[in-house]
file target.csv (CSV, C-alpha atoms and all ligand atoms)
chain,number,residue,atom,x,y,z
A,798,MET,CA,53.5,109.1,92.2
A,799,LYS,CA,55.9,106.2,91.6
A,800,ASN,CA,55.1,102.8,93.2
A,801,GLU,CA,58.0,103.1,95.8
A,802,ASP,CA,56.8,106.6,96.8
A,803,LEU,CA,53.2,105.4,97.1
A,804,LYS,CA,54.3,102.5,99.3
A,805,LYS,CA,56.1,104.9,101.6
A,806,GLU,CA,53.1,107.2,101.8
A,807,ILE,CA,50.8,104.3,102.5
A,808,LEU,CA,52.9,103.1,105.4
A,809,LYS,CA,53.1,106.7,106.8
A,810,LEU,CA,49.4,107.2,106.6
A,811,LYS,CA,48.7,103.8,108.1
A,812,LYS,CA,50.7,104.7,111.2
A,813,GLU,CA,49.2,108.2,111.5
A,814,LYS,CA,45.7,106.9,111.3
A,815,ASN,CA,46.1,103.8,113.4
A,816,ALA,CA,45.0,101.7,110.4
A,817,VAL,CA,45.6,98.0,109.7
A,818,ILE,CA,45.9,96.7,106.1
A,819,LEU,CA,44.5,93.2,105.6
A,820,GLY,CA,45.4,91.7,102.2
A,821,HIS,CA,44.3,88.5,100.5
A,822,TYR,CA,46.9,86.3,98.7
A,823,TYR,CA,45.3,87.2,95.3
A,824,GLN,CA,46.1,90.9,95.6
A,825,ILE,CA,48.9,92.3,93.4
A,826,ASP,CA,52.4,91.9,94.8
A,827,ASP,CA,52.9,95.6,95.8
A,828,ILE,CA,49.7,95.4,97.9
A,829,GLN,CA,50.8,92.2,99.7
A,830,GLU,CA,54.1,93.9,100.4
A,831,VAL,CA,52.5,96.8,102.4
A,832,SER,CA,49.8,94.7,104.1
A,833,ASP,CA,50.1,94.0,107.8
A,834,TYR,CA,48.5,90.6,107.4
A,835,VAL,CA,48.2,88.5,104.2
A,836,GLY,CA,46.1,85.4,104.4
A,837,ASP,CA,43.2,83.3,103.3
A,838,SER,CA,39.6,84.2,104.0
A,839,LEU,CA,39.6,82.4,107.3
A,840,ALA,CA,42.7,84.0,108.7
A,841,LEU,CA,41.7,87.5,107.5
A,842,ALA,CA,38.3,87.1,109.2
A,843,GLN,CA,40.0,86.2,112.4
A,844,GLU,CA,42.4,89.1,112.1
A,845,ALA,CA,39.4,91.5,111.4
A,846,GLN,CA,37.7,90.2,114.5
A,847,ARG,CA,40.6,90.8,116.9
A,848,THR,CA,42.2,94.0,115.5
A,849,GLN,CA,42.4,97.0,117.8
A,850,ALA,CA,43.2,99.4,114.9
A,851,GLU,CA,40.6,102.1,114.3
A,852,ILE,CA,40.5,101.6,110.6
A,853,ILE,CA,40.6,98.3,108.7
A,854,VAL,CA,41.7,98.7,105.0
A,855,PHE,CA,40.6,95.5,103.4
A,856,CYS,CA,42.6,94.7,100.3
A,857,GLY,CA,40.5,91.9,98.9
A,858,VAL,CA,36.9,91.8,97.5
A,859,HIS,CA,33.7,93.2,98.8
A,860,PHE,CA,32.3,90.2,100.7
A,861,MET,CA,35.6,90.0,102.6
A,862,ALA,CA,35.5,93.7,103.7
A,863,GLU,CA,31.8,93.2,104.6
A,864,THR,CA,32.8,90.2,106.8
A,865,ALA,CA,35.3,92.4,108.5
A,866,LYS,CA,32.7,95.1,109.2
A,867,ILE,CA,30.2,92.4,110.5
A,868,LEU,CA,32.9,91.0,112.9
A,869,ASN,CA,34.1,94.4,114.1
A,870,PRO,CA,31.2,97.0,113.5
A,871,SER,CA,32.7,99.8,115.6
A,872,ARG,CA,35.7,100.0,113.2
A,873,LYS,CA,35.8,102.0,110.0
A,874,VAL,CA,36.2,99.4,107.1
A,875,LEU,CA,37.6,100.6,103.8
A,876,LEU,CA,37.9,98.8,100.5
A,877,PRO,CA,40.2,100.5,97.9
A,878,ASP,CA,37.7,99.7,95.0
A,879,ILE,CA,34.1,99.3,96.0
A,880,ASN,CA,33.4,97.5,92.8
A,881,ALA,CA,35.7,94.6,93.8
A,882,SER,CA,32.9,92.0,93.7
A,883,CYS,CA,33.0,88.2,93.2
A,884,SER,CA,31.1,86.0,90.7
A,885,LEU,CA,30.1,83.6,93.6
A,886,ALA,CA,28.7,86.5,95.7
A,887,GLU,CA,26.8,87.8,92.6
A,888,SER,CA,25.3,84.3,91.8
A,889,CYS,CA,22.9,84.3,94.7
A,890,THR,CA,21.0,87.1,96.5
A,891,GLY,CA,19.4,86.9,99.9
A,892,GLU,CA,16.0,86.6,98.2
A,893,ASP,CA,17.2,83.8,96.0
A,894,LEU,CA,18.4,81.8,99.0
A,895,ARG,CA,15.2,82.5,100.9
A,896,LYS,CA,13.2,80.9,98.0
A,897,PHE,CA,15.7,78.0,97.8
A,898,LYS,CA,15.2,77.3,101.5
A,899,GLU,CA,11.4,77.3,101.0
A,900,GLU,CA,11.9,74.7,98.2
A,901,HIS,CA,14.0,72.6,100.6
A,902,PRO,CA,12.3,72.7,104.0
A,903,GLY,CA,14.1,71.3,107.0
A,904,HIS,CA,17.6,71.9,105.6
A,905,PHE,CA,20.4,73.5,107.6
A,906,VAL,CA,22.0,76.2,105.4
A,907,VAL,CA,25.8,76.3,105.1
A,908,SER,CA,27.1,79.2,103.0
A,909,TYR,CA,30.6,79.6,101.7
A,910,VAL,CA,32.0,82.9,103.0
A,911,ASN,CA,32.1,84.1,99.3
A,912,CYS,CA,28.6,85.5,99.5
A,913,SER,CA,26.9,88.8,100.4
A,914,ALA,CA,25.8,89.8,103.9
A,915,ALA,CA,22.2,89.3,102.9
A,916,VAL,CA,23.0,85.6,102.0
A,917,LYS,CA,24.9,85.2,105.3
A,918,ALA,CA,21.9,86.6,107.1
A,919,GLU,CA,19.8,83.7,105.6
A,920,SER,CA,22.4,81.1,106.6
A,921,ASP,CA,22.9,78.9,109.7
A,922,LEU,CA,26.6,78.5,109.3
A,923,ILE,CA,29.4,80.1,107.2
A,924,CYS,CA,32.5,78.2,106.1
A,925,THR,CA,35.6,78.9,104.1
A,926,SER,CA,37.6,76.6,101.9
A,927,GLY,CA,40.0,76.3,104.9
A,928,ASN,CA,37.4,74.8,107.3
A,929,ALA,CA,34.5,73.5,105.1
A,930,GLU,CA,35.2,69.8,105.3
A,931,LYS,CA,35.8,69.7,109.1
A,932,LEU,CA,32.7,71.9,109.8
A,933,ILE,CA,30.4,69.8,107.6
A,934,ASN,CA,31.8,66.6,109.2
A,935,ALA,CA,31.0,68.0,112.6
A,936,LEU,CA,27.3,68.3,111.8
A,937,PRO,CA,24.9,65.4,112.6
A,938,LYS,CA,25.2,62.7,110.0
A,939,ASP,CA,21.4,62.7,109.2
A,940,GLN,CA,21.3,66.5,108.9
A,941,LYS,CA,19.9,67.6,105.6
A,942,ILE,CA,22.0,70.5,104.3
A,943,ILE,CA,21.8,73.2,101.7
A,944,PHE,CA,25.2,74.4,100.5
A,945,ALA,CA,25.5,77.8,98.8
A,946,PRO,CA,26.7,79.4,96.6
A,947,ASP,CA,29.6,77.4,95.2
A,948,LYS,CA,28.6,74.1,93.5
A,949,ASN,CA,32.3,73.1,92.9
A,950,LEU,CA,33.3,73.5,96.6
A,951,GLY,CA,30.0,71.9,97.7
A,952,GLY,CA,30.5,69.0,95.3
A,953,TYR,CA,34.0,68.5,96.5
A,954,ILE,CA,32.9,68.5,100.1
A,955,ASN,CA,30.1,66.0,99.3
A,956,SER,CA,32.8,63.7,97.8
A,957,GLN,CA,35.0,64.0,100.8
A,958,THR,CA,32.3,63.6,103.5
A,959,GLY,CA,29.9,61.2,101.8
A,960,ARG,CA,27.1,63.8,102.3
A,961,ASN,CA,24.5,64.7,99.8
A,962,MET,CA,24.2,68.4,100.3
A,963,VAL,CA,21.8,70.3,98.0
A,964,LEU,CA,24.0,72.7,96.0
A,965,TRP,CA,23.3,76.2,94.8
A,966,ASN,CA,24.3,76.5,91.2
A,967,GLY,CA,27.1,79.1,91.5
A,968,VAL,CA,30.8,79.1,90.5
A,969,CYS,CA,33.9,81.1,90.7
A,970,THR,CA,34.3,82.0,87.1
A,971,VAL,CA,38.1,82.2,87.5
A,972,HIS,CA,38.6,78.7,88.9
A,973,ASP,CA,35.8,77.1,86.9
A,974,SER,CA,37.4,78.2,83.7
A,975,LEU,CA,40.5,76.0,84.3
A,976,THR,CA,40.4,72.8,82.3
A,977,SER,CA,41.7,69.3,83.1
A,978,GLU,CA,43.0,69.1,79.5
A,979,ASN,CA,45.2,72.1,80.1
A,980,ILE,CA,46.5,70.6,83.4
A,981,LEU,CA,47.1,67.2,81.8
A,982,ASN,CA,49.1,68.8,79.1
A,983,MET,CA,51.2,70.6,81.8
A,984,LYS,CA,51.6,67.4,83.7
A,985,ALA,CA,52.8,65.6,80.6
A,986,ALA,CA,55.5,68.3,80.1
A,987,HIS,CA,56.4,68.4,83.9
A,988,PRO,CA,55.7,64.8,85.2
A,989,GLU,CA,57.6,65.4,88.5
A,990,ALA,CA,55.5,68.5,89.4
A,991,PRO,CA,52.5,67.9,91.7
A,992,VAL,CA,49.3,69.8,90.8
A,993,VAL,CA,48.0,72.0,93.7
A,994,ALA,CA,44.4,73.2,93.2
A,995,HIS,CA,41.8,75.3,95.0
A,996,PRO,CA,38.5,73.5,95.6
A,997,GLU,CA,36.6,76.2,93.6
A,998,CYS,CA,38.0,74.4,90.5
A,999,ASN,CA,35.6,72.0,88.7
A,1000,ALA,CA,35.5,68.3,89.5
A,1001,ALA,CA,37.5,67.4,86.3
A,1002,VAL,CA,40.4,69.6,87.4
A,1003,LEU,CA,40.2,68.4,91.0
A,1004,ALA,CA,40.3,64.7,89.7
A,1005,VAL,CA,43.7,65.3,88.1
A,1006,SER,CA,45.2,67.3,91.1
A,1007,ASP,CA,47.6,66.0,93.7
A,1008,PHE,CA,46.7,68.4,96.5
A,1009,ILE,CA,43.4,70.3,97.0
A,1010,GLY,CA,43.1,73.1,99.6
A,1011,SER,CA,42.5,76.7,100.4
A,1012,THR,CA,45.2,79.3,99.5
A,1013,LYS,CA,46.8,78.8,103.0
A,1014,ALA,CA,46.6,75.0,102.7
A,1015,MET,CA,48.3,75.1,99.3
A,1016,LEU,CA,51.1,77.3,100.8
A,1017,THR,CA,51.6,74.9,103.7
A,1018,TYR,CA,51.7,71.8,101.4
A,1019,ILE,CA,54.3,73.4,99.1
A,1020,SER,CA,56.6,74.5,102.0
A,1021,LYS,CA,56.5,70.9,103.4
A,1022,SER,CA,56.9,69.1,100.0
A,1023,GLN,CA,60.2,67.8,98.8
A,1024,SER,CA,59.2,68.6,95.2
A,1025,LYS,CA,61.0,71.4,93.4
A,1026,GLN,CA,58.4,72.3,90.8
A,1027,PHE,CA,54.6,72.7,91.2
A,1028,ILE,CA,51.7,73.2,88.8
A,1029,VAL,CA,49.4,75.8,90.5
A,1030,ALA,CA,45.7,75.7,89.6
A,1031,THR,CA,44.4,78.9,91.2
A,1032,GLU,CA,44.6,82.7,91.0
A,1033,PRO,CA,48.2,83.6,90.2
A,1034,GLY,CA,48.4,86.4,92.9
A,1035,ILE,CA,49.4,83.6,95.3
A,1036,LEU,CA,52.6,83.0,93.4
A,1037,TYR,CA,54.1,86.0,95.2
A,1038,GLU,CA,53.8,84.3,98.6
A,1039,MET,CA,54.7,80.9,97.2
A,1040,LYS,CA,58.0,82.3,95.8
A,1041,ARG,CA,58.7,84.4,98.9
A,1042,ASN,CA,58.4,81.3,101.2
A,1043,ASN,CA,60.2,78.9,98.8
A,1044,PRO,CA,62.8,80.8,96.7
A,1045,ASP,CA,64.4,77.4,95.7
A,1046,LYS,CA,61.2,76.1,94.2
A,1047,GLU,CA,59.5,76.7,90.8
A,1048,PHE,CA,55.8,77.4,90.2
A,1049,LEU,CA,54.0,76.9,87.0
A,1050,ASN,CA,50.8,78.9,86.6
A,1051,VAL,CA,47.9,77.2,84.9
A,1052,PHE,CA,46.3,79.3,82.2
A,1053,ASN,CA,43.0,78.3,80.8
A,1054,ILE,CA,44.0,79.4,77.3
A,1055,GLU,CA,47.7,79.1,76.3
A,1056,GLY,CA,49.6,82.3,76.9
A,1057,CYS,CA,46.8,84.3,78.5
A,1058,SER,CA,46.5,85.2,82.1
A,1059,CYS,CA,42.7,84.5,82.2
A,1060,ASN,CA,42.9,82.9,85.6
A,1061,GLU,CA,43.5,86.4,87.1
A,1062,CYS,CA,40.5,87.5,89.2
A,1063,SER,CA,39.5,90.8,87.6
A,1064,TYR,CA,37.7,91.7,90.9
A,1065,MET,CA,40.8,91.2,93.1
A,1066,LYS,CA,42.9,93.0,90.6
A,1067,LEU,CA,40.7,96.2,90.8
A,1068,ASN,CA,42.6,97.2,93.9
A,1069,THR,CA,45.8,99.1,93.0
A,1070,LEU,CA,48.5,100.9,95.1
A,1071,GLU,CA,47.1,104.2,94.0
A,1072,LYS,CA,43.5,103.3,95.1
A,1073,LEU,CA,44.9,102.0,98.4
A,1074,TYR,CA,46.7,105.3,99.0
A,1075,ASN,CA,43.7,107.4,98.1
A,1076,CYS,CA,41.4,105.2,100.2
A,1077,LEU,CA,43.6,105.7,103.3
A,1078,LEU,CA,44.0,109.4,102.6
A,1079,ASN,CA,40.3,110.2,102.1
A,1080,GLU,CA,38.9,107.3,104.2
A,1081,THR,CA,36.6,106.2,101.4
A,1082,PRO,CA,35.1,104.0,99.9
A,1083,GLU,CA,33.8,102.8,103.2
A,1084,ILE,CA,31.7,99.7,103.9
A,1085,VAL,CA,28.4,100.9,105.4
A,1086,MET,CA,25.8,98.4,106.6
A,1087,ASP,CA,22.7,98.6,108.7
A,1088,MET,CA,22.9,97.2,112.2
A,1089,ALA,CA,20.0,94.7,111.6
A,1090,THR,CA,21.9,93.0,108.8
A,1091,ILE,CA,25.1,93.1,110.7
A,1092,GLU,CA,23.5,91.3,113.7
A,1093,LYS,CA,21.8,88.7,111.5
A,1094,ALA,CA,24.9,88.0,109.4
A,1095,ALA,CA,27.2,87.9,112.4
A,1096,LYS,CA,25.6,84.8,114.0
A,1097,PRO,CA,26.6,82.2,111.3
A,1098,ILE,CA,30.1,83.8,111.0
A,1099,VAL,CA,30.7,83.8,114.8
A,1100,ARG,CA,29.4,80.2,114.8
A,1101,MET,CA,32.0,79.3,112.2
A,1102,LEU,CA,34.8,80.9,114.2
A,1103,ASP,CA,33.7,79.3,117.4
A,1104,MET,CA,33.4,75.8,115.8
A,1105,SER,CA,36.7,76.3,114.1
A,1106,ARG,CA,38.3,77.0,117.5
A,1107,GLU,CA,36.6,74.0,119.1
A,1108,LEU,CA,37.7,71.7,116.3
A,1109,GLY,CA,41.3,73.0,116.6
A,1110,ILE,CA,41.3,74.4,113.0
A,1111,ILE,CA,42.3,77.9,114.3
A,1112,LYS,CA,43.6,79.2,117.6
B,1201,LIG,P1,40.7,81.3,100.3
B,1201,LIG,O1,39.8,81.4,101.5
B,1201,LIG,O2,41.2,79.9,100.0
B,1201,LIG,O3,41.8,82.3,100.4
B,1201,LIG,O4,39.8,81.6,99.0
B,1201,LIG,C1,39.3,82.9,98.7
B,1201,LIG,C2,38.8,83.0,97.3
B,1201,LIG,O5,38.2,83.9,96.9
B,1201,LIG,C3,39.2,82.0,96.4
B,1201,LIG,O6,38.8,82.3,95.2
B,1202,LIG,FE1,35.4,85.4,93.7
B,1202,LIG,FE2,36.7,83.7,92.3
B,1202,LIG,FE3,37.6,86.1,92.5
B,1202,LIG,FE4,37.8,84.4,94.6
B,1202,LIG,S1,38.8,84.3,92.6
B,1202,LIG,S2,37.1,86.6,94.6
B,1202,LIG,S3,35.9,83.3,94.3
B,1202,LIG,S4,35.7,85.5,91.5
call {"tool": "encode", "arguments": {"input": "target.csv", "output": "structure tokens", "more": "lines below"}}
Ligand code: 13P
Ligand code: SF4
result
Amino acid sequence: MKNEDLKKEILKLKKEKNAVILGHYYQIDDIQEVSDYVGDSLALAQEAQRTQAEIIVFCGVHFMAETAKILNPSRKVLLPDINASCSLAESCTGEDLRKFKEEHPGHFVVSYVNCSAAVKAESDLICTSGNAEKLINALPKDQKIIFAPDKNLGGYINSQTGRNMVLWNGVCTVHDSLTSENILNMKAAHPEAPVVAHPECNAAVLAVSDFIGSTKAMLTYISKSQSKQFIVATEPGILYEMKRNNPDKEFLNVFNIEGCSCNECSYMKLNTLEKLYNCLLNETPEIVMDMATIEKAAKPIVRMLDMSRELGIIK
């Protein structure tokens, strides 16, 4: 089937089956186009929690679909490609984190949402890149903290909050591969263009960036900015929404190697229109989890959402 026909069929099936399609900003343009909600991890988790739809089709990666299932266990949650993983989620297992906790007794465990349900079940609080700084700031100043699994985001939050969180040694291989050298070269060629970067980038990249924030925060910054050109240090899927919201502005994608699209997340890009169509049609692959894990993993996620509401980060 052609893409336009697939899109029509997807919208038809979605209505027939009372399904909602949640899409992350890093999905391919066609998927973002047919999604009911496109957002960052925090907004999508909120949407998954409140949806009344019978089926949630999560166009993102596995940990995001798992989070949707944990927050709304009575719904059927589908992921177009069940192999859509994440290097951060793969860097730390529940068992790894349990051992790390034993090595650091008395620490409160904050885990970035980019982790498996087993890691969430071992955590006290979950955060996203959209709320991490405010949530950590809200914890008692003398609280000893473990931050897993992203050492780049954790290091950035340490620098912003003056904390000394113990960091798990994981990275997003997509963001970590971007180099400051590449960005400085682009800055030299486009001196008027501010650099916007995701906090999963390494410290050297963040040091030469003008704005650091979650996918949603970058979009807000760009919409409010008077600049006409931006250097974008994140996954290029977001350029779809950046261009859609700001047709008069220009976006320069940072490649880690000249001329190659190596900053594309191969996991995010596993989802295709065809897989989305088949997934809605056959109602598979489905996220299946045992109730014990759901209940354990739900506590730190619900805590994150409650704290985010109390702190005015979300409504
Ligand atoms: P956001 O929550 O900023 O959308 O990030 C998700 C992600 O996977 C970034 O790599
Ligand atoms: Fe994971 Fe990085 Fe891909 Fe986000 S971009 S899903 S953190 S590998």
call {"tool": "residues_near_ligand", "arguments": {"input": "target.csv", "ligand": "ligand LIG 1202 (chain B)", "cutoff": "10 Å", "atoms": "all atoms listed in the file", "output": "JSON, numbers by chain"}}
result
{"A": [821, 823, 838, 857, 858, 859, 860, 861, 881, 882, 883, 884, 885, 886, 887, 909, 910, 911, 912, 947, 968, 969, 970, 971, 972, 973, 995, 997, 998, 1031, 1032, 1033, 1034, 1060, 1061, 1062, 1063, 1064, 1065, 1066]}
call {"tool": "residues_around", "arguments": {"input": "target.csv", "residues": "A:Ser832", "least_positions_apart": "5", "cutoff": "8 Å", "atoms": "all atoms listed in the file", "output": "VMD selection string"}}
result
chain A and resid 817 to 820
call {"tool": "residues_near_ligand", "arguments": {"input": "target.csv", "ligand": "ligand LIG 1201 (chain B)", "cutoff": "6 Å", "atoms": "only C-alpha atoms and all ligand atoms", "output": "mmCIF file with C-alpha atoms, in the frame of the given file"}}
result
data_model
loop_
_atom_site.group_PDB
_atom_site.id
_atom_site.type_symbol
_atom_site.label_atom_id
_atom_site.label_comp_id
_atom_site.auth_asym_id
_atom_site.auth_seq_id
_atom_site.Cartn_x
_atom_site.Cartn_y
_atom_site.Cartn_z
ATOM 1 C CA ASP A 837 43.200 83.300 103.300
ATOM 2 C CA SER A 838 39.600 84.200 104.000
ATOM 3 C CA LEU A 839 39.600 82.400 107.300
ATOM 4 C CA THR A 925 35.600 78.900 104.100
ATOM 5 C CA SER A 926 37.600 76.600 101.900
ATOM 6 C CA SER A 1011 42.500 76.700 100.400
ATOM 7 C CA THR A 1012 45.200 79.300 99.500
#
call {"tool": "residues_around", "arguments": {"input": "target.csv", "residues": "A:Leu1049", "least_positions_apart": "5", "cutoff": "9 Å", "atoms": "only C-alpha atoms", "output": "list in words"}}
result
Met983, Ala990, Gln1026, Phe1027, Ile1028, Val1029, Ala1030 and Leu1036 of chain A
call {"tool": "atom_distance", "arguments": {"input": "target.csv", "atom1": "atom CA of A:Pro877", "atom2": "atom CA of A:Ala865"}}
result
14.2 Å
call {"tool": "atom_distance", "arguments": {"input": "target.csv", "atom1": "atom CA of A:Ala918", "atom2": "atom CA of A:Gly891"}}
result
7.6 Å
call {"tool": "residues_around", "arguments": {"input": "target.csv", "residues": "A:Tyr1074", "least_positions_apart": "3", "cutoff": "9 Å", "atoms": "all atoms listed in the file", "output": "ChimeraX atom specification"}}
result
/A:803-804,806-807,810,877,1069-1071,1077-1079
call {"tool": "closest_residue", "arguments": {"input": "target.csv", "among": "A:Cys1059, A:Val874, A:Leu1016, A:Leu1003", "to": "A:Glu1083", "atoms": "all atoms listed in the file"}}
result
A:Val874
call {"tool": "residues_around", "arguments": {"input": "target.csv", "residues": "stretch 841-844 of chain A", "least_positions_apart": "5", "cutoff": "12 Å", "atoms": "all atoms listed in the file", "output": "PyMOL selection string"}}
result
chain A and resi 817-822+832-836+849-850+853-858+860-869+910+923-925+927+1012-1013+1095+1098-1099+1101-1103+1105-1106+1110-1112
call {"tool": "atom_distance", "arguments": {"input": "target.csv", "atom1": "atom CA of A:Ser888", "atom2": "atom CA of A:Pro946"}}
result
7.0 Å
call {"tool": "closest_residue", "arguments": {"input": "target.csv", "among": "A:Val963, A:Ala994, A:Ala1094, A:Val1005", "to": "A:Leu922", "atoms": "only C-alpha atoms"}}
result
A:Ala1094
call {"tool": "closest_residue", "arguments": {"input": "target.csv", "among": "A:Lys1040, A:Lys809, A:Lys931, A:Lys984", "to": "A:Ile1019", "atoms": "all atoms listed in the file"}}
result
A:Lys1040
